>>> print(open('run_9.txt').read())   # compact mmCIF, C-alpha atoms
# COMPACT_ATOMS: atom_id res chain seq x y z
CA MET A 1 12.00 -14.66 -14.99
CA SER A 2 9.74 -16.52 -12.58
CA VAL A 3 10.95 -19.46 -10.54
CA ARG A 4 8.99 -22.72 -10.54
CA LEU A 5 7.84 -23.66 -7.07
CA ASP A 6 9.02 -26.86 -5.43
CA VAL A 7 5.63 -28.21 -4.35
CA PRO A 8 5.25 -31.78 -3.02
CA VAL A 9 2.43 -34.15 -3.90
CA LEU A 10 -0.80 -32.76 -2.45
CA ALA A 11 -3.19 -35.57 -1.53
CA GLY A 12 -6.82 -35.60 -0.48
CA ASP A 13 -9.49 -38.29 -0.31
CA LEU A 14 -10.63 -37.93 -3.94
CA VAL A 15 -7.67 -36.50 -5.83
CA ARG A 16 -3.90 -36.46 -5.63
CA LEU A 17 -2.09 -33.53 -7.24
CA GLU A 18 1.20 -34.86 -8.58
CA PRO A 19 3.88 -32.73 -10.25
CA LEU A 20 3.09 -33.05 -13.96
CA ALA A 21 5.36 -35.49 -15.83
CA MET A 22 5.52 -37.27 -19.16
CA ARG A 23 4.46 -40.51 -17.43
CA HIS A 24 0.96 -39.00 -17.11
CA ALA A 25 0.61 -38.77 -20.91
CA PRO A 26 -1.30 -42.04 -21.59
CA ASP A 27 -3.95 -41.32 -18.95
CA LEU A 28 -4.32 -37.68 -19.99
CA ALA A 29 -4.66 -38.62 -23.65
CA GLU A 30 -7.58 -40.86 -22.72
CA ALA A 31 -9.09 -38.26 -20.37
CA ALA A 32 -8.92 -35.53 -23.00
CA GLU A 33 -10.98 -37.57 -25.46
CA GLU A 34 -13.97 -38.09 -23.20
CA ASP A 35 -16.99 -35.83 -23.82
CA ARG A 36 -15.40 -32.50 -24.84
CA SER A 37 -18.58 -30.42 -24.80
CA SER A 38 -17.46 -28.41 -21.74
CA TYR A 39 -14.15 -27.34 -23.30
CA ASP A 40 -15.35 -24.52 -25.56
CA PHE A 41 -13.30 -21.87 -23.73
CA THR A 42 -10.61 -24.01 -22.10
CA LEU A 43 -7.14 -25.11 -23.22
CA VAL A 44 -7.55 -28.89 -23.46
CA PRO A 45 -5.39 -30.74 -25.99
CA ARG A 46 -6.53 -33.59 -28.21
CA ALA A 47 -5.01 -36.98 -27.46
CA HIS A 48 -2.37 -36.72 -30.18
CA GLU A 49 -1.33 -33.29 -28.87
CA ILE A 50 -0.67 -34.46 -25.30
CA PRO A 51 3.15 -34.92 -25.62
CA ASP A 52 3.59 -31.40 -27.02
CA TYR A 53 1.10 -30.01 -24.48
CA LEU A 54 3.01 -31.55 -21.57
CA ALA A 55 6.33 -30.28 -22.93
CA ALA A 56 4.88 -26.77 -23.24
CA GLN A 57 3.41 -26.82 -19.73
CA LEU A 58 6.66 -28.06 -18.24
CA ALA A 59 8.55 -25.28 -20.04
CA ARG A 60 6.04 -22.49 -19.32
CA ASP A 61 7.68 -19.75 -17.26
CA GLY A 62 5.93 -19.14 -13.97
CA LEU A 63 3.80 -22.31 -14.05
CA THR A 64 4.02 -25.14 -11.51
CA PRO A 65 1.82 -27.78 -13.20
CA PHE A 66 0.09 -30.79 -11.66
CA ALA A 67 -1.68 -33.88 -12.91
CA GLN A 68 -5.01 -34.45 -11.17
CA VAL A 69 -4.91 -38.14 -10.26
CA ARG A 70 -8.20 -39.75 -9.23
CA ILE A 71 -7.66 -41.67 -5.99
CA SER A 72 -10.30 -44.31 -6.73
CA ASP A 73 -8.48 -45.74 -9.77
CA GLY A 74 -5.08 -44.03 -9.77
CA ARG A 75 -5.63 -42.49 -13.21
CA ALA A 76 -4.68 -38.95 -14.23
CA VAL A 77 -7.96 -37.29 -15.21
CA GLY A 78 -6.87 -33.70 -15.78
CA CYS A 79 -4.41 -30.95 -15.05
CA THR A 80 -4.15 -27.82 -12.96
CA GLY A 81 -1.39 -25.52 -11.78
CA LEU A 82 -0.09 -22.72 -9.63
CA TRP A 83 0.63 -19.86 -12.01
CA ASP A 84 2.10 -16.35 -12.08
CA PRO A 85 3.70 -16.13 -8.60
CA ARG A 86 4.16 -12.49 -7.57
CA LYS A 87 6.80 -11.51 -5.06
CA TRP A 88 6.81 -8.77 -2.47
CA PRO A 89 8.77 -5.77 -3.77
CA ASP A 90 10.72 -5.25 -0.57
CA ARG A 91 11.03 -8.63 1.15
CA ALA A 92 11.33 -12.36 0.54
CA GLY A 93 8.33 -14.54 -0.14
CA LEU A 94 5.26 -14.44 -2.36
CA ARG A 95 2.37 -12.05 -1.99
CA ALA A 96 0.02 -13.60 -4.60
CA ILE A 97 -0.42 -16.48 -7.02
CA GLU A 98 -3.04 -17.84 -9.43
CA ILE A 99 -4.70 -21.23 -9.81
CA GLY A 100 -4.99 -21.87 -13.52
CA PHE A 101 -4.57 -24.12 -16.56
CA THR A 102 -7.25 -26.38 -15.06
CA TRP A 103 -9.24 -29.05 -16.87
CA LEU A 104 -10.91 -32.33 -15.94
CA ALA A 105 -12.18 -35.28 -17.91
CA ALA A 106 -15.96 -35.40 -18.21
CA SER A 107 -16.11 -38.46 -15.93
CA ALA A 108 -14.34 -36.51 -13.17
CA GLN A 109 -16.54 -33.41 -13.36
CA GLY A 110 -19.15 -33.06 -10.64
CA THR A 111 -17.52 -35.72 -8.45
CA GLY A 112 -15.91 -33.43 -5.87
CA ILE A 113 -12.45 -33.66 -7.45
CA ASN A 114 -12.53 -30.03 -8.58
CA ALA A 115 -13.55 -28.81 -5.12
CA GLU A 116 -10.89 -30.88 -3.38
CA ALA A 117 -8.16 -29.80 -5.80
CA LYS A 118 -9.07 -26.16 -5.16
CA LEU A 119 -9.01 -26.84 -1.41
CA LEU A 120 -5.57 -28.45 -1.63
CA LEU A 121 -4.10 -25.63 -3.72
CA LEU A 122 -5.67 -22.82 -1.70
CA SER A 123 -4.53 -24.44 1.55
CA TYR A 124 -0.99 -24.72 0.23
CA ALA A 125 -1.01 -21.15 -1.05
CA PHE A 126 -2.28 -19.58 2.17
CA ASP A 127 -0.97 -21.94 4.83
CA VAL A 128 2.44 -22.86 3.38
CA LEU A 129 3.40 -20.13 0.91
CA GLY A 130 1.80 -17.43 3.05
CA VAL A 131 0.29 -15.47 0.17
CA VAL A 132 -2.37 -12.83 0.75
CA ARG A 133 -4.23 -13.39 -2.54
CA VAL A 134 -5.04 -16.27 -4.90
CA ASP A 135 -6.53 -15.44 -8.32
CA LEU A 136 -8.72 -17.60 -10.53
CA LYS A 137 -9.97 -16.44 -13.91
CA THR A 138 -11.94 -17.76 -16.83
CA ASP A 139 -13.31 -16.60 -20.15
CA ALA A 140 -16.19 -14.26 -19.31
CA ARG A 141 -18.41 -16.32 -21.66
CA ASN A 142 -17.67 -19.54 -19.76
CA HIS A 143 -20.79 -19.48 -17.59
CA ARG A 144 -20.37 -23.13 -16.61
CA CYS A 145 -16.97 -22.43 -15.04
CA ARG A 146 -18.19 -19.21 -13.46
CA ARG A 147 -21.12 -21.01 -11.80
CA ALA A 148 -18.76 -23.72 -10.55
CA LEU A 149 -16.45 -21.15 -8.93
CA GLU A 150 -19.41 -19.37 -7.37
CA ARG A 151 -20.71 -22.66 -5.92
CA LEU A 152 -17.30 -23.18 -4.34
CA GLY A 153 -17.63 -19.85 -2.57
CA ILE A 154 -14.88 -18.10 -4.58
CA PRO A 155 -15.68 -14.35 -4.63
CA PHE A 156 -16.31 -12.79 -8.06
CA GLU A 157 -14.51 -9.48 -8.61
CA GLY A 158 -15.66 -8.43 -12.07
CA VAL A 159 -14.77 -8.68 -15.76
CA LEU A 160 -11.54 -7.31 -17.20
CA ARG A 161 -11.92 -6.53 -20.88
CA ALA A 162 -9.38 -7.86 -23.40
CA TRP A 163 -7.34 -9.27 -20.52
CA SER A 164 -6.19 -12.75 -21.57
CA MET A 165 -5.52 -14.77 -24.68
CA SER A 166 -8.56 -16.67 -25.94
CA TRP A 167 -8.54 -20.48 -25.99
CA ALA A 168 -11.83 -20.67 -27.91
CA HIS A 169 -11.76 -22.59 -31.18
CA GLY A 170 -11.25 -20.26 -34.12
CA GLU A 171 -10.01 -17.40 -31.94
CA GLU A 172 -6.30 -18.19 -32.06
CA GLY A 173 -4.25 -15.03 -31.57
CA ARG A 174 -7.21 -13.05 -30.20
CA VAL A 175 -7.83 -11.80 -26.69
CA ARG A 176 -10.84 -12.40 -24.48
CA ASP A 177 -12.64 -10.72 -21.62
CA SER A 178 -11.78 -12.48 -18.36
CA ALA A 179 -14.10 -13.03 -15.40
CA MET A 180 -11.93 -12.52 -12.35
CA PHE A 181 -12.35 -14.41 -9.09
CA ALA A 182 -10.07 -14.29 -6.07
CA VAL A 183 -9.65 -15.38 -2.49
CA VAL A 184 -7.73 -13.04 -0.20
CA ALA A 185 -6.34 -13.94 3.19
CA GLU A 186 -9.32 -12.37 4.98
CA ASP A 187 -11.69 -14.57 2.90
CA TRP A 188 -9.90 -17.84 3.53
CA PRO A 189 -11.49 -18.68 6.93
CA THR A 190 -14.91 -18.32 5.25
CA VAL A 191 -14.13 -19.98 1.91
CA LYS A 192 -12.39 -23.02 3.42
CA PRO A 193 -15.48 -24.43 5.23
CA VAL A 194 -17.59 -23.89 2.08
CA LEU A 195 -15.17 -26.09 0.14
CA GLN A 196 -15.12 -28.65 2.94
CA ALA A 197 -18.92 -28.74 3.02
CA ARG A 198 -19.00 -29.23 -0.74
CA LEU A 199 -16.73 -32.24 -0.33
CA THR A 200 -18.91 -33.64 2.45
CA ARG A 201 -21.95 -33.46 0.17
CA SER A 202 -20.04 -35.18 -2.65
CA SER A 203 -18.95 -37.96 -0.28
CA ALA A 204 -22.52 -38.41 0.92
CA ARG A 205 -23.75 -38.77 -2.68
CA ASP A 206 -21.06 -41.37 -3.39
CA CYS A 207 -22.00 -43.28 -0.25
CA ARG A 208 -25.68 -43.34 -1.21
CA ALA A 209 -24.79 -44.53 -4.70
CA ILE A 210 -22.66 -47.38 -3.32
CA THR A 211 -25.15 -48.52 -0.68
CA GLY A 212 -28.24 -47.94 -2.83
CA LEU A 213 -29.75 -45.55 -0.26
>>> encode(input="run_9.txt", output="structure tokens")
Amino acid sequence: MSVRLDVPVLAGDLVRLEPLAMRHAPDLAEAAEEDRSSYDFTLVPRAHEIPDYLAAQLARDGLTPFAQVRISDGRAVGCTGLWDPRKWPDRAGLRAIEIGFTWLAASAQGTGINAEAKLLLLSYAFDVLGVVRVDLKTDARNHRCRRALERLGIPFEGVLRAWSMSWAHGEEGRVRDSAMFAVVAEDWPTVKPVLQARLTRSSARDCRAITGL
């Protein structure tokens, strides 16, 4: 059995990652019903399913789930998590973990929230937990997600066939091919500034929009 990690609130300028709780349900129900066109291959509940979804995430072995709370208005606009922690076989501590179960409301996509959430989780994984590897994976057909990970500088490792359960509509109980991405400790000094630069560009766009420049 895996042990859930005791992770504090992780806060940036755009997003605050709070331990997932039932109090996030009203915001997440609203977020989940925005434009759903990007959710073809992602586990995103409908509004009426949110209570059961939260209960399942909170009970899922090996998952430390977070609500993604938008700083600008204090609303929960999605979820993410640290998943599948793997221990060293011969000493204390974790050697690897995955970032997964991630989704964002349509209004939060492309705003820098995804990049900052990844930066917060990767920083915690490498700098606090001391892991040597962080995995990220998606349905191999999810080219939108794959392009987003590539833009964030996350190295692509290949496709593992029949690796994960499919979340695509109509494919319940079937498996999917998974596109595997990962950051290892040697990558982190290179990946971190790419994420930071992405956030700088997002902030600049927001500034221009506010000032009319």
>>> closest_residue(input="run_9.txt", among="A:Arg147, A:Val77, A:Trp188, A:Pro45", to="Thr111 (chain A)", atoms="only C-alpha atoms")
A:Val77
>>> residues_around(input="run_9.txt", residues="region 22-30 of chain A", least_positions_apart="6", cutoff="12 Å", atoms="all atoms listed in the file", output="JSON, numbers by chain")
{"A": [36, 44, 45, 46, 47, 48, 49, 50, 51, 52, 53, 54, 55, 56, 57, 58, 65, 66, 67, 68, 69, 70, 73, 74, 75, 76, 77, 78, 79, 103, 104, 105, 106, 107]}
>>> closest_residue(input="run_9.txt", among="A:Glu116, A:Glu18, A:Glu171, A:Glu98", to="Arg198 (chain A)", atoms="all atoms listed in the file")
A:Glu116
>>> closest_residue(input="run_9.txt", among="A:Asp13, A:Glu186, A:Glu34, A:Asp61", to="Arg133 (chain A)", atoms="all atoms listed in the file")
A:Glu186
>>> residues_near_point(input="run_9.txt", point="(-13.7, -16.3, -15.6)", cutoff="7 Å", atoms="only C-alpha atoms", output="number ranges by chain")
A: 137-140, 142, 145-146, 178-181
>>> closest_residue(input="run_9.txt", among="A:Ile97, A:Val175, A:Ser38, A:Thr102", to="His143 (chain A)", atoms="all atoms listed in the file")
A:Ser38
>>> residues_around(input="run_9.txt", residues="Lys118 (chain A)", least_positions_apart="3", cutoff="12 Å", atoms="only C-alpha atoms", output="PyMOL selection string")
chain A and resi 10-12+14-17+68+79-82+98-100+102+112-115+121-126+134-136+148-149+152-154+182-183+191-192+194-196+198-199
>>> atom_distance(input="run_9.txt", atom1="CA of Leu160 (chain A)", atom2="CA of Gly173 (chain A)")
17.9 Å
>>> atom_distance(input="run_9.txt", atom1="CA of Asp187 (chain A)", atom2="CA of Arg151 (chain A)")
15.0 Å
>>> closest_residue(input="run_9.txt", among="A:Arg144, A:Val128, A:Arg4, A:Phe41", to="Glu172 (chain A)", atoms="all atoms listed in the file")
A:Phe41
